[in-house]
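As stored in target.cif (mmCIF, C-alpha atoms):
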```cif
data_input
#
loop_
_atom_site.label_atom_id
_atom_site.label_comp_id
_atom_site.auth_asym_id
_atom_site.auth_seq_id
_atom_site.Cartn_x
_atom_site.Cartn_y
_atom_site.Cartn_z
CA MET Q 29 -10.61 9.70 18.73
CA ALA Q 30 -8.50 7.65 21.15
CA ARG Q 31 -5.97 5.57 19.25
CA GLU Q 32 -5.71 1.90 20.13
CA LYS Q 33 -2.19 1.32 21.49
CA GLY Q 34 0.03 -1.48 20.26
CA VAL Q 35 0.40 -3.33 17.00
CA VAL Q 36 -2.53 -4.79 15.10
CA LEU Q 37 -2.39 -6.66 11.78
CA LEU Q 38 -5.40 -6.87 9.48
CA ASP Q 39 -4.70 -9.86 7.30
CA PHE Q 40 -6.03 -12.92 5.45
CA TRP Q 41 -4.65 -16.33 6.40
CA VAL Q 42 -3.33 -17.47 3.01
CA SER Q 43 -2.15 -14.11 1.66
CA PRO Q 44 1.55 -14.21 0.75
CA PHE Q 45 1.59 -10.42 1.13
CA GLY Q 46 0.26 -10.60 4.67
CA GLN Q 47 2.73 -13.37 5.43
CA ARG Q 48 5.63 -11.10 4.53
CA VAL Q 49 4.52 -8.81 7.36
CA ARG Q 50 4.01 -11.70 9.78
CA ILE Q 51 7.52 -13.00 9.07
CA ALA Q 52 9.00 -9.52 9.60
CA LEU Q 53 7.17 -9.10 12.92
CA ALA Q 54 8.34 -12.57 14.03
CA GLU Q 55 11.94 -11.86 13.05
CA LYS Q 56 11.81 -8.71 15.15
CA GLY Q 57 10.06 -10.37 18.08
CA VAL Q 58 7.19 -7.85 18.02
CA ASP Q 59 3.99 -8.67 19.91
CA TYR Q 60 0.88 -7.98 17.89
CA GLU Q 61 -2.80 -8.74 17.60
CA TYR Q 62 -3.76 -10.64 14.45
CA LYS Q 63 -7.22 -9.85 13.07
CA GLU Q 64 -8.38 -12.20 10.32
CA GLN Q 65 -10.39 -10.38 7.65
CA ASP Q 66 -13.23 -11.66 5.50
CA LEU Q 67 -12.20 -10.47 2.05
CA PHE Q 68 -15.58 -11.30 0.55
CA ASN Q 69 -17.32 -9.13 3.14
CA LYS Q 70 -14.88 -6.41 4.14
CA SER Q 71 -15.12 -4.94 7.62
CA GLU Q 72 -15.59 -1.24 8.41
CA HIS Q 73 -12.26 -1.37 10.20
CA LEU Q 74 -10.46 -2.53 7.06
CA LEU Q 75 -12.26 -0.07 4.81
CA LYS Q 76 -11.44 2.82 7.14
CA SER Q 77 -7.81 1.74 7.59
CA ASN Q 78 -7.13 1.35 3.88
CA PRO Q 79 -9.69 3.53 2.10
CA VAL Q 80 -7.63 3.81 -1.10
CA TYR Q 81 -7.12 0.11 -1.86
CA LYS Q 82 -9.42 -1.62 0.67
CA LYS Q 83 -6.88 -4.45 0.83
CA ILE Q 84 -4.91 -6.42 3.37
CA PRO Q 85 -2.36 -6.43 4.87
CA VAL Q 86 -2.74 -3.29 6.97
CA LEU Q 87 -0.52 -2.75 9.98
CA LEU Q 88 -1.90 -0.47 12.68
CA HIS Q 89 0.75 0.93 15.01
CA ASP Q 90 -0.83 2.83 17.90
CA GLY Q 91 -3.85 3.23 15.65
CA LYS Q 92 -1.97 4.64 12.66
CA PRO Q 93 -2.42 2.53 9.52
CA ILE Q 94 0.39 1.52 7.20
CA CYS Q 95 -0.52 -0.18 3.92
CA GLU Q 96 1.24 -2.13 1.15
CA SER Q 97 3.24 -5.14 2.34
CA LEU Q 98 6.74 -4.03 1.30
CA ILE Q 99 6.17 -0.55 2.71
CA ILE Q 100 4.98 -2.15 5.97
CA VAL Q 101 8.08 -4.38 6.11
CA GLN Q 102 10.37 -1.38 5.63
CA TYR Q 103 8.47 0.49 8.34
CA ILE Q 104 8.90 -2.46 10.73
CA ASP Q 105 12.62 -2.58 9.90
CA GLU Q 106 13.01 1.13 10.71
CA VAL Q 107 10.96 1.20 13.90
CA TRP Q 108 12.29 -2.02 15.44
CA SER Q 109 15.82 -1.40 14.27
CA ASP Q 110 17.54 -2.92 17.30
CA LYS Q 111 17.09 -6.50 16.14
CA ALA Q 112 17.35 -8.64 12.97
CA PRO Q 113 18.01 -5.96 10.29
CA LEU Q 114 16.03 -6.82 7.17
CA LEU Q 115 17.32 -4.35 4.59
CA PRO Q 116 21.09 -4.10 4.07
CA ASP Q 117 22.96 -1.02 5.32
CA GLU Q 118 24.54 0.09 2.11
CA PRO Q 119 22.41 2.22 -0.29
CA LEU Q 120 23.33 0.25 -3.43
CA ALA Q 121 22.52 -3.09 -1.79
CA ARG Q 122 19.23 -1.58 -0.54
CA ALA Q 123 18.37 -0.37 -4.04
CA ASN Q 124 19.11 -3.84 -5.41
CA ALA Q 125 16.91 -5.52 -2.79
CA ARG Q 126 14.08 -3.06 -3.52
CA PHE Q 127 14.44 -3.64 -7.26
CA TRP Q 128 14.05 -7.41 -6.97
CA ALA Q 129 11.24 -7.09 -4.41
CA ASP Q 130 9.45 -4.79 -6.86
CA PHE Q 131 10.10 -7.34 -9.64
CA ILE Q 132 8.56 -10.07 -7.48
CA ASP Q 133 5.56 -7.85 -6.76
CA LYS Q 134 4.94 -7.10 -10.41
CA LYS Q 135 5.43 -10.62 -11.73
CA VAL Q 136 5.04 -13.60 -9.40
CA TYR Q 137 1.45 -13.48 -8.10
CA GLU Q 138 -0.10 -12.33 -11.37
CA CYS Q 139 1.71 -14.97 -13.41
CA GLY Q 140 0.95 -17.61 -10.78
CA THR Q 141 -2.74 -16.76 -10.98
CA ARG Q 142 -2.72 -17.39 -14.72
CA LEU Q 143 -1.29 -20.87 -14.04
CA TRP Q 144 -4.51 -22.00 -12.37
CA LYS Q 145 -7.01 -19.77 -14.16
CA LEU Q 146 -6.09 -20.59 -17.74
CA LYS Q 147 -5.89 -23.72 -19.83
CA GLY Q 148 -4.23 -24.99 -23.00
CA GLU Q 149 -1.86 -22.67 -24.85
CA GLU Q 150 -2.42 -19.74 -22.50
CA GLN Q 151 -1.51 -21.89 -19.52
CA GLU Q 152 1.59 -23.15 -21.32
CA ALA Q 153 2.65 -19.57 -21.98
CA ALA Q 154 2.08 -18.67 -18.33
CA LYS Q 155 4.11 -21.69 -17.24
CA LYS Q 156 7.01 -20.66 -19.48
CA GLU Q 157 6.87 -17.13 -18.08
CA PHE Q 158 6.69 -18.36 -14.48
CA VAL Q 159 9.78 -20.52 -14.91
CA GLU Q 160 11.61 -17.61 -16.59
CA ILE Q 161 10.78 -15.34 -13.65
CA PHE Q 162 12.16 -17.84 -11.18
CA LYS Q 163 15.23 -18.56 -13.30
CA LEU Q 164 16.01 -14.85 -13.14
CA LEU Q 165 15.56 -14.89 -9.38
CA GLN Q 166 17.71 -18.02 -9.20
CA GLY Q 167 20.41 -16.11 -11.10
CA GLU Q 168 20.19 -13.28 -8.59
CA LEU Q 169 20.52 -15.73 -5.69
CA GLY Q 170 23.59 -17.35 -7.20
CA ASP Q 171 25.38 -19.62 -4.78
CA ARG Q 172 24.48 -17.61 -1.71
CA LYS Q 173 22.68 -19.02 1.30
CA PHE Q 174 20.03 -16.30 1.14
CA PHE Q 175 19.25 -13.35 -1.14
CA GLY Q 176 20.52 -11.26 1.78
CA GLY Q 177 23.86 -13.15 1.71
CA GLU Q 178 24.68 -15.04 4.88
CA THR Q 179 21.64 -13.68 6.65
CA PHE Q 180 17.93 -13.91 5.90
CA GLY Q 181 16.65 -10.50 4.83
CA PHE Q 182 14.15 -8.31 3.01
CA LEU Q 183 14.28 -10.01 -0.36
CA ASP Q 184 14.07 -13.50 1.15
CA LEU Q 185 10.96 -12.55 3.04
CA ALA Q 186 9.47 -10.82 0.02
CA LEU Q 187 9.65 -14.07 -1.97
CA VAL Q 188 9.35 -16.96 0.47
CA PRO Q 189 5.55 -16.87 1.08
CA PHE Q 190 5.00 -17.75 -2.59
CA VAL Q 191 6.83 -21.03 -2.04
CA ALA Q 192 3.71 -22.36 -0.29
CA TRP Q 193 1.89 -21.89 -3.61
CA PHE Q 194 4.36 -24.00 -5.64
CA TYR Q 195 2.46 -27.25 -5.01
CA ALA Q 196 -0.79 -25.73 -6.31
CA TYR Q 197 0.91 -24.17 -9.34
CA GLU Q 198 2.83 -27.38 -10.14
CA THR Q 199 -0.30 -29.49 -9.89
CA PHE Q 200 -2.49 -27.31 -12.08
CA ALA Q 201 0.14 -26.47 -14.70
CA LYS Q 202 1.94 -29.82 -14.55
CA PHE Q 203 5.56 -28.99 -13.95
CA SER Q 204 8.13 -29.31 -11.18
CA MET Q 205 9.90 -26.39 -9.53
CA ASP Q 206 12.49 -28.84 -8.22
CA GLU Q 207 13.36 -29.74 -11.83
CA GLU Q 208 13.14 -26.22 -13.24
CA CYS Q 209 14.70 -24.18 -10.43
CA PRO Q 210 16.48 -26.49 -7.98
CA LYS Q 211 18.44 -23.67 -6.32
CA ILE Q 212 15.23 -21.85 -5.47
CA VAL Q 213 13.79 -25.02 -3.93
CA ALA Q 214 17.00 -25.50 -1.93
CA TRP Q 215 16.86 -21.87 -0.80
CA ALA Q 216 13.22 -22.35 0.23
CA LYS Q 217 14.20 -25.32 2.42
CA ARG Q 218 16.83 -23.21 4.16
CA CYS Q 219 14.27 -20.48 4.79
CA MET Q 220 11.85 -23.02 6.27
CA GLU Q 221 14.49 -23.85 8.90
CA ARG Q 222 13.68 -20.46 10.41
CA GLU Q 223 10.80 -20.50 12.84
CA SER Q 224 9.52 -17.13 11.58
CA VAL Q 225 9.01 -18.71 8.16
CA SER Q 226 7.89 -22.24 9.07
CA LYS Q 227 5.28 -20.95 11.51
CA THR Q 228 3.94 -18.39 9.03
CA LEU Q 229 3.74 -20.08 5.65
CA SER Q 230 0.53 -21.87 4.80
CA ASP Q 231 0.48 -25.62 4.38
CA PRO Q 232 0.79 -26.19 0.59
CA ASN Q 233 -2.19 -28.59 0.71
CA LYS Q 234 -4.33 -25.89 2.27
CA VAL Q 235 -3.19 -23.44 -0.44
CA TYR Q 236 -4.18 -26.01 -3.06
CA GLU Q 237 -7.63 -26.35 -1.47
CA PHE Q 238 -7.96 -22.58 -1.40
CA VAL Q 239 -7.15 -22.35 -5.12
CA LEU Q 240 -9.79 -25.03 -5.77
CA PHE Q 241 -12.24 -22.87 -3.84
CA LEU Q 242 -11.29 -19.84 -5.95
CA LYS Q 243 -11.66 -21.81 -9.17
CA GLU Q 244 -15.17 -22.80 -8.15
CA LYS Q 245 -16.05 -19.31 -7.01
CA PHE Q 246 -14.85 -17.70 -10.22
CA GLY Q 247 -16.29 -20.44 -12.40
CA VAL Q 248 -12.96 -21.69 -13.67
CA GLU Q 249 -13.02 -25.22 -15.06
CA TYR Q 250 -11.02 -27.90 -13.33
CA MET Y 23 31.19 11.12 -2.71
CA GLY Y 24 33.61 11.77 -5.53
CA GLU Y 25 32.43 9.04 -7.84
CA GLU Y 26 31.10 9.77 -11.31
CA VAL Y 27 27.34 10.02 -11.74
CA LYS Y 28 25.60 9.39 -15.05
CA LEU Y 29 21.92 9.37 -15.89
CA PHE Y 30 20.51 7.49 -18.87
CA GLY Y 31 17.17 9.05 -19.69
CA SER Y 32 15.11 10.34 -22.55
CA TYR Y 33 13.85 13.80 -23.39
CA ALA Y 34 10.12 13.14 -23.10
CA SER Y 35 10.21 10.72 -20.15
CA PRO Y 36 8.67 11.80 -16.85
CA PHE Y 37 10.57 8.95 -15.18
CA SER Y 38 14.04 10.21 -16.09
CA SER Y 39 12.87 13.77 -15.39
CA ARG Y 40 12.14 12.70 -11.80
CA VAL Y 41 15.71 11.54 -11.35
CA GLU Y 42 17.11 14.72 -12.94
CA LEU Y 43 15.06 16.79 -10.50
CA ALA Y 44 16.22 14.80 -7.48
CA LEU Y 45 19.89 15.08 -8.47
CA LYS Y 46 19.53 18.83 -9.05
CA LEU Y 47 17.74 19.35 -5.72
CA LYS Y 48 20.67 17.63 -4.02
CA GLY Y 49 23.22 19.63 -6.02
CA VAL Y 50 24.84 16.51 -7.47
CA SER Y 51 26.76 16.96 -10.74
CA PHE Y 52 26.02 14.33 -13.30
CA GLU Y 53 26.31 13.50 -16.97
CA ASN Y 54 22.89 13.63 -18.57
CA ILE Y 55 22.71 11.05 -21.36
CA LYS Y 56 19.58 11.10 -23.51
CA GLU Y 57 18.73 7.78 -25.11
CA ASP Y 58 16.88 7.32 -28.37
CA LEU Y 59 14.24 4.83 -27.22
CA ALA Y 60 13.68 3.51 -30.74
CA ASN Y 61 17.34 2.62 -30.88
CA LYS Y 62 18.54 1.71 -27.39
CA SER Y 63 22.26 1.80 -26.79
CA ALA Y 64 24.22 -1.33 -25.93
CA LEU Y 65 25.23 0.33 -22.66
CA LEU Y 66 21.61 0.76 -21.57
CA VAL Y 67 20.82 -2.89 -22.24
CA GLN Y 68 23.98 -3.88 -20.36
CA TYR Y 69 23.03 -1.85 -17.29
CA ASN Y 70 19.36 -2.80 -17.25
CA PRO Y 71 19.20 -6.31 -18.71
CA VAL Y 72 15.96 -7.23 -16.92
CA HIS Y 73 13.72 -4.39 -18.16
CA LYS Y 74 15.93 -2.63 -20.77
CA LYS Y 75 14.36 0.69 -19.79
CA ILE Y 76 15.38 4.18 -18.78
CA PRO Y 77 16.09 5.76 -16.38
CA VAL Y 78 19.28 4.13 -15.25
CA LEU Y 79 21.48 5.90 -12.75
CA LEU Y 80 25.13 4.97 -12.91
CA HIS Y 81 27.10 5.79 -9.76
CA GLY Y 82 30.79 4.95 -9.95
CA GLY Y 83 29.89 2.51 -12.72
CA ARG Y 84 27.21 0.74 -10.65
CA PRO Y 85 23.66 0.83 -12.04
CA VAL Y 86 20.50 1.65 -10.09
CA ILE Y 87 17.16 1.17 -11.87
CA GLU Y 88 13.45 2.02 -11.50
CA SER Y 89 12.84 5.73 -10.97
CA LEU Y 90 11.37 5.49 -7.45
CA ILE Y 91 14.12 3.16 -6.27
CA ILE Y 92 16.64 5.61 -7.74
CA LEU Y 93 15.00 8.47 -5.80
CA GLU Y 94 15.36 6.55 -2.53
CA TYR Y 95 18.97 5.72 -3.43
CA ILE Y 96 19.75 9.38 -4.12
CA ASP Y 97 18.21 10.42 -0.81
CA GLU Y 98 20.20 7.82 1.14
CA THR Y 99 23.50 8.43 -0.65
CA TRP Y 100 23.50 12.24 -0.66
CA ASP Y 101 21.85 12.66 2.71
CA GLY Y 102 23.36 16.01 3.63
CA ASN Y 103 20.82 18.39 2.14
CA HIS Y 104 17.26 18.68 0.83
CA ALA Y 105 15.74 15.51 2.23
CA ILE Y 106 13.50 13.95 -0.41
CA LEU Y 107 11.88 11.54 2.02
CA PRO Y 108 10.65 12.33 5.55
CA LYS Y 109 12.85 11.17 8.44
CA ASP Y 110 9.99 9.89 10.61
CA PRO Y 111 9.23 6.21 9.77
CA PHE Y 112 5.45 6.68 9.67
CA GLU Y 113 5.68 9.78 7.47
CA ARG Y 114 8.12 7.90 5.22
CA ALA Y 115 5.70 4.97 4.93
CA LEU Y 116 2.91 7.40 4.01
CA ALA Y 117 5.07 9.14 1.39
CA CYS Y 118 6.06 5.76 -0.11
CA PHE Y 119 2.39 4.76 -0.16
CA TRP Y 120 1.38 7.87 -2.16
CA VAL Y 121 4.32 7.47 -4.50
CA LYS Y 122 3.30 3.88 -5.23
CA PHE Y 123 -0.33 4.96 -5.66
CA ILE Y 124 0.69 7.60 -8.19
CA ASP Y 125 2.85 5.16 -10.13
CA ASP Y 126 0.56 2.12 -9.98
CA LYS Y 127 -2.80 3.82 -10.43
CA VAL Y 128 -2.86 7.52 -11.25
CA LEU Y 129 -0.42 7.58 -14.15
CA ARG Y 130 -2.14 4.72 -15.94
CA ALA Y 131 -5.62 6.13 -15.43
CA LEU Y 132 -4.62 9.57 -16.72
CA TRP Y 133 -2.64 8.15 -19.64
CA MET Y 134 -5.46 5.78 -20.64
CA SER Y 135 -8.07 8.55 -20.31
CA CYS Y 136 -6.13 10.49 -22.91
CA ARG Y 137 -5.51 7.63 -25.28
CA SER Y 138 -8.69 5.59 -25.33
CA GLU Y 139 -12.17 6.16 -26.71
CA GLY Y 140 -15.80 5.47 -25.99
CA GLU Y 141 -16.77 3.30 -22.99
CA MET Y 142 -13.14 2.55 -22.14
CA GLN Y 143 -12.30 6.24 -21.98
CA LYS Y 144 -15.36 6.91 -19.84
CA ASN Y 145 -14.23 4.31 -17.30
CA PHE Y 146 -10.68 5.60 -17.13
CA MET Y 147 -11.92 9.16 -16.76
CA GLU Y 148 -14.14 8.12 -13.84
CA GLN Y 149 -11.16 6.40 -12.25
CA SER Y 150 -8.97 9.44 -12.85
CA LYS Y 151 -11.49 11.73 -11.18
CA GLU Y 152 -11.54 9.49 -8.11
CA TYR Y 153 -7.75 9.48 -7.91
CA LEU Y 154 -7.39 13.22 -8.49
CA GLU Y 155 -9.87 13.81 -5.68
CA LEU Y 156 -7.71 11.70 -3.36
CA LEU Y 157 -4.62 13.70 -4.29
CA GLU Y 158 -6.49 16.98 -3.88
CA ASN Y 159 -7.40 15.94 -0.33
CA GLU Y 160 -3.92 14.62 0.44
CA LEU Y 161 -2.37 18.03 -0.21
CA LYS Y 162 -4.30 19.28 2.85
CA GLY Y 163 -3.91 22.87 1.67
CA ASN Y 164 -0.10 22.59 1.74
CA LYS Y 165 2.07 24.10 -0.93
CA PHE Y 166 3.59 20.70 -1.71
CA PHE Y 167 2.83 17.07 -0.85
CA GLY Y 168 6.12 17.25 1.03
CA GLY Y 169 4.83 20.22 3.07
CA ASP Y 170 6.90 23.38 2.56
CA ALA Y 171 9.47 21.80 0.29
CA ILE Y 172 9.41 19.52 -2.73
CA GLY Y 173 9.60 15.89 -1.65
CA ILE Y 174 9.34 12.43 -3.19
CA VAL Y 175 5.58 12.58 -3.69
CA ASP Y 176 5.85 15.91 -5.54
CA ILE Y 177 8.68 14.55 -7.69
CA SER Y 178 6.68 11.42 -8.52
CA ALA Y 179 3.64 13.54 -9.38
CA ASN Y 180 5.60 15.41 -12.07
CA PHE Y 181 3.52 13.59 -14.68
CA ILE Y 182 0.42 15.36 -13.41
CA ALA Y 183 2.02 18.81 -13.55
CA LEU Y 184 3.12 18.58 -17.16
CA TRP Y 185 2.55 15.39 -19.15
CA ALA Y 186 -1.08 14.92 -18.11
CA ILE Y 187 -1.81 18.57 -18.94
CA VAL Y 188 -0.25 18.22 -22.40
CA LEU Y 189 -1.88 14.84 -23.08
CA GLN Y 190 -5.34 16.06 -22.12
CA GLU Y 191 -4.91 19.00 -24.48
CA VAL Y 192 -3.87 16.65 -27.30
CA ALA Y 193 -6.81 14.35 -26.53
CA GLY Y 194 -9.22 17.28 -26.27
CA ILE Y 195 -10.47 16.49 -22.78
CA SER Y 196 -10.37 18.40 -19.50
CA LEU Y 197 -9.65 16.22 -16.48
CA ILE Y 198 -7.34 18.39 -14.44
CA ASN Y 199 -9.00 21.77 -14.09
CA GLU Y 200 -9.06 24.52 -11.52
CA GLU Y 201 -12.77 24.33 -10.98
CA LYS Y 202 -12.70 20.74 -9.78
CA TYR Y 203 -9.24 20.61 -8.22
CA PRO Y 204 -8.19 24.07 -7.04
CA ILE Y 205 -5.60 22.84 -4.52
CA LEU Y 206 -4.04 20.44 -7.01
CA CYS Y 207 -3.88 23.16 -9.67
CA ASN Y 208 -2.26 25.45 -7.13
CA TRP Y 209 0.27 22.69 -6.48
CA ILE Y 210 0.96 22.49 -10.23
CA GLU Y 211 1.65 26.23 -10.30
CA GLU Y 212 3.96 26.08 -7.28
CA PHE Y 213 5.77 23.02 -8.63
CA LEU Y 214 6.30 24.52 -12.08
CA SER Y 215 7.46 27.85 -10.65
CA SER Y 216 10.50 26.24 -9.03
CA GLU Y 217 13.69 26.97 -10.99
CA VAL Y 218 15.11 23.52 -10.32
CA VAL Y 219 11.92 21.89 -11.57
CA LYS Y 220 11.92 24.01 -14.73
CA GLU Y 221 15.48 22.88 -15.49
CA SER Y 222 14.55 19.22 -15.25
CA LEU Y 223 11.40 19.33 -17.39
CA PRO Y 224 11.07 19.29 -21.17
CA GLU Y 225 9.51 22.40 -22.70
CA LYS Y 226 5.71 22.26 -22.77
CA GLU Y 227 5.48 23.34 -26.42
CA LYS Y 228 8.00 20.71 -27.51
CA LEU Y 229 6.19 18.02 -25.51
CA PHE Y 230 2.86 19.06 -27.05
CA ALA Y 231 4.34 18.91 -30.54
CA TYR Y 232 5.87 15.49 -29.74
CA PHE Y 233 2.62 13.91 -28.53
CA HIS Y 234 0.52 15.62 -31.15
CA ALA Y 235 2.72 14.33 -33.95
CA LYS Y 236 2.80 10.84 -32.52
CA LYS Y 237 -0.91 10.84 -31.67
CA GLU Y 238 -1.93 8.13 -34.09
CA VAL Y 239 1.09 5.92 -33.41
CA ILE Y 240 1.22 6.18 -29.62
CA PHE Y 241 -2.51 6.00 -29.15
CA ALA Y 242 -2.61 2.75 -31.08
CA ASN Y 243 -0.03 1.10 -28.82
CA LYS Y 244 -0.65 -0.57 -25.50
CA ALA Y 245 2.13 0.93 -23.39
CA PRO Y 246 3.11 4.57 -22.92
CA ALA Y 247 6.02 5.33 -25.22
CA TYR Y 248 8.27 8.06 -23.93
#
```

How does this structure look as structure tokens?
Amino acid sequence: MAREKGVVLLDFWVSPFGQRVRIALAEKGVDYEYKEQDLFNKSEHLLKSNPVYKKIPVLLHDGKPICESLIIVQYIDEVWSDKAPLLPDEPLARANARFWADFIDKKVYECGTRLWKLKGEEQEAAKKEFVEIFKLLQGELGDRKFFGGETFGFLDLALVPFVAWFYAYETFAKFSMDEECPKIVAWAKRCMERESVSKTLSDPNKVYEFVLFLKEKFGVEY
Amino acid sequence: MGEEVKLFGSYASPFSSRVELALKLKGVSFENIKEDLANKSALLVQYNPVHKKIPVLLHGGRPVIESLIILEYIDETWDGNHAILPKDPFERALACFWVKFIDDKVLRALWMSCRSEGEMQKNFMEQSKEYLELLENELKGNKFFGGDAIGIVDISANFIALWAIVLQEVAGISLINEEKYPILCNWIEEFLSSEVVKESLPEKEKLFAYFHAKKEVIFANKAPAY
């Protein structure tokens, strides 16, 4: 079977996981073809490219599929190593970046989902947990410009797509990230000064509308 | 690298066993500290304040946590011999994918198959069969997932070679068997026949006694207790 040359990204417009990959490709200046996927009616192409999980994002490089957003980002960093290094050089710093990226993966999206799916006490508990997660991340950031130090890197890009979801989370769970985690909000603004980020992240209003759509689809009360 | 290496682990944990194996494959000398998980030391909590879990690798006093992250760290730091990860970026991405699959999906399905009952058990067993089939195919008739030598995927799959076998015996079920998964069972044999692997694993009889004795307690809890 002849492999399609070049870089193709199978993705879904609002996915923070897909956005990580888009930011990485933009940082590296890589040309690629973006193929929007219908997640409610998955294409053969997607199912064949990611038979194990059947999920986006999937990066196809000369026809070879790479799955799982953080694995894809590391792959991009290794292949296009001549520009904008994403992971730090030093093994301990790399391990630290991977640890926090893994923490983000395990905690942020799942907890965020509970913020709009649940009500009452359960929602309050989710809100408390969400703020705790970001306070920990805020602690890790410290007074640095980025999680990567002076330069925008792997951990920044692992987290920043979720910033577009803050408005939706704040509105449904009634709290303010600016009040709870001001340093994270300040960090987010600095990230948005980068074209790779500002051009990739979804408009928070569109994210809010998407969550409304999900609530309706899954029969969650407003 | 002349700096001191310490590993905080526990006897029955497949996660700390992975790190032990990696260090031994690389020929790194280290102090092997076994924690009592019912009574965690102040040092452990200090080095892993976020999750308070083993394993923790301490290199020159600096902690590295999460077994798979530790494996990557070991490979990058002691990069002279026995590569744990492939050098080619695509092969590396594939290896990392399978490692994540084993950790996120396979371990839980196997563990839950052995510790649940009724409809729940049935579902987990169905899931496990699907996953084991995927692993069987991924071996592609090779001795190891890493090809000719033990690599990160093999190390991560240590749970399948020993813990899953013991747990299924304790639970009285047969998920991993030669009839259904001949290549995977061959892999188990190859893996367990390695001297370095044997040194980093707990004894099967002791592990069996451990899980058998704790059957009621562990099986009633939500999370695996190593």

Expected answer as JSON, numbers by chain: chain Y residues within 10 Å of chain Q, only C-alpha atoms: {"Y": [72, 73, 81, 84, 85, 86, 87, 88, 90, 91, 92, 93, 94, 95, 96, 97, 98, 99, 110, 111, 112, 113, 114, 115, 116, 117, 118, 119, 120, 122, 123, 152, 153, 156]}

Near-Ala196 (chain Q) list (8 Å; all atoms listed in the file; drop same-chain fewer than 2 positions) as a PyMOL selection string: chain Q and resi 193-194+198-200+232-233+235-236+239

Atomic separation - CA of Glu157 (chain Q) relative to CA of Pro36 (chain Y), Å: 29.0 Å

Counting all atoms listed in the file, the option among Q:Ser230, Q:Ser97, Q:Ser71, Q:Gln151 closest to Phe203 (chain Q): Q:Gln151

Where does region 164-205 of chain Y meet region 42-64 of chain Y within 10 Å, residue by residue, with the nearest atom pair and distance in Å to one decimal for each, counting all atoms listed in the file, listed by chain and rising number, as JSON lines?
```
{"residue": "Y:Ile172", "atom": "CA", "partner": "Y:Leu47", "partner_atom": "CA", "distance": 8.9}
{"residue": "Y:Gly173", "atom": "CA", "partner": "Y:Ala44", "partner_atom": "CA", "distance": 8.9}
{"residue": "Y:Ile174", "atom": "CA", "partner": "Y:Ala44", "partner_atom": "CA", "distance": 8.4}
{"residue": "Y:Ile177", "atom": "CA", "partner": "Y:Leu43", "partner_atom": "CA", "distance": 7.3}
{"residue": "Y:Asn180", "atom": "CA", "partner": "Y:Leu43", "partner_atom": "CA", "distance": 9.7}
```

Output for the residues just chosen: C-alpha atoms as an mmCIF file, in the frame of the given file:
```cif
data_model
loop_
_atom_site.group_PDB
_atom_site.id
_atom_site.type_symbol
_atom_site.label_atom_id
_atom_site.label_comp_id
_atom_site.auth_asym_id
_atom_site.auth_seq_id
_atom_site.Cartn_x
_atom_site.Cartn_y
_atom_site.Cartn_z
ATOM 1 C CA ILE Y 172 9.410 19.520 -2.730
ATOM 2 C CA GLY Y 173 9.600 15.890 -1.650
ATOM 3 C CA ILE Y 174 9.340 12.430 -3.190
ATOM 4 C CA ILE Y 177 8.680 14.550 -7.690
ATOM 5 C CA ASN Y 180 5.600 15.410 -12.070
#
```

Output check: residues returned by the PyMOL selection byres ((chain Y and resi 167) around 12), as number ranges by chain: Y: 106-108, 113, 116-118, 120-121, 157-166, 168-180, 205-206, 208-210, 212-213
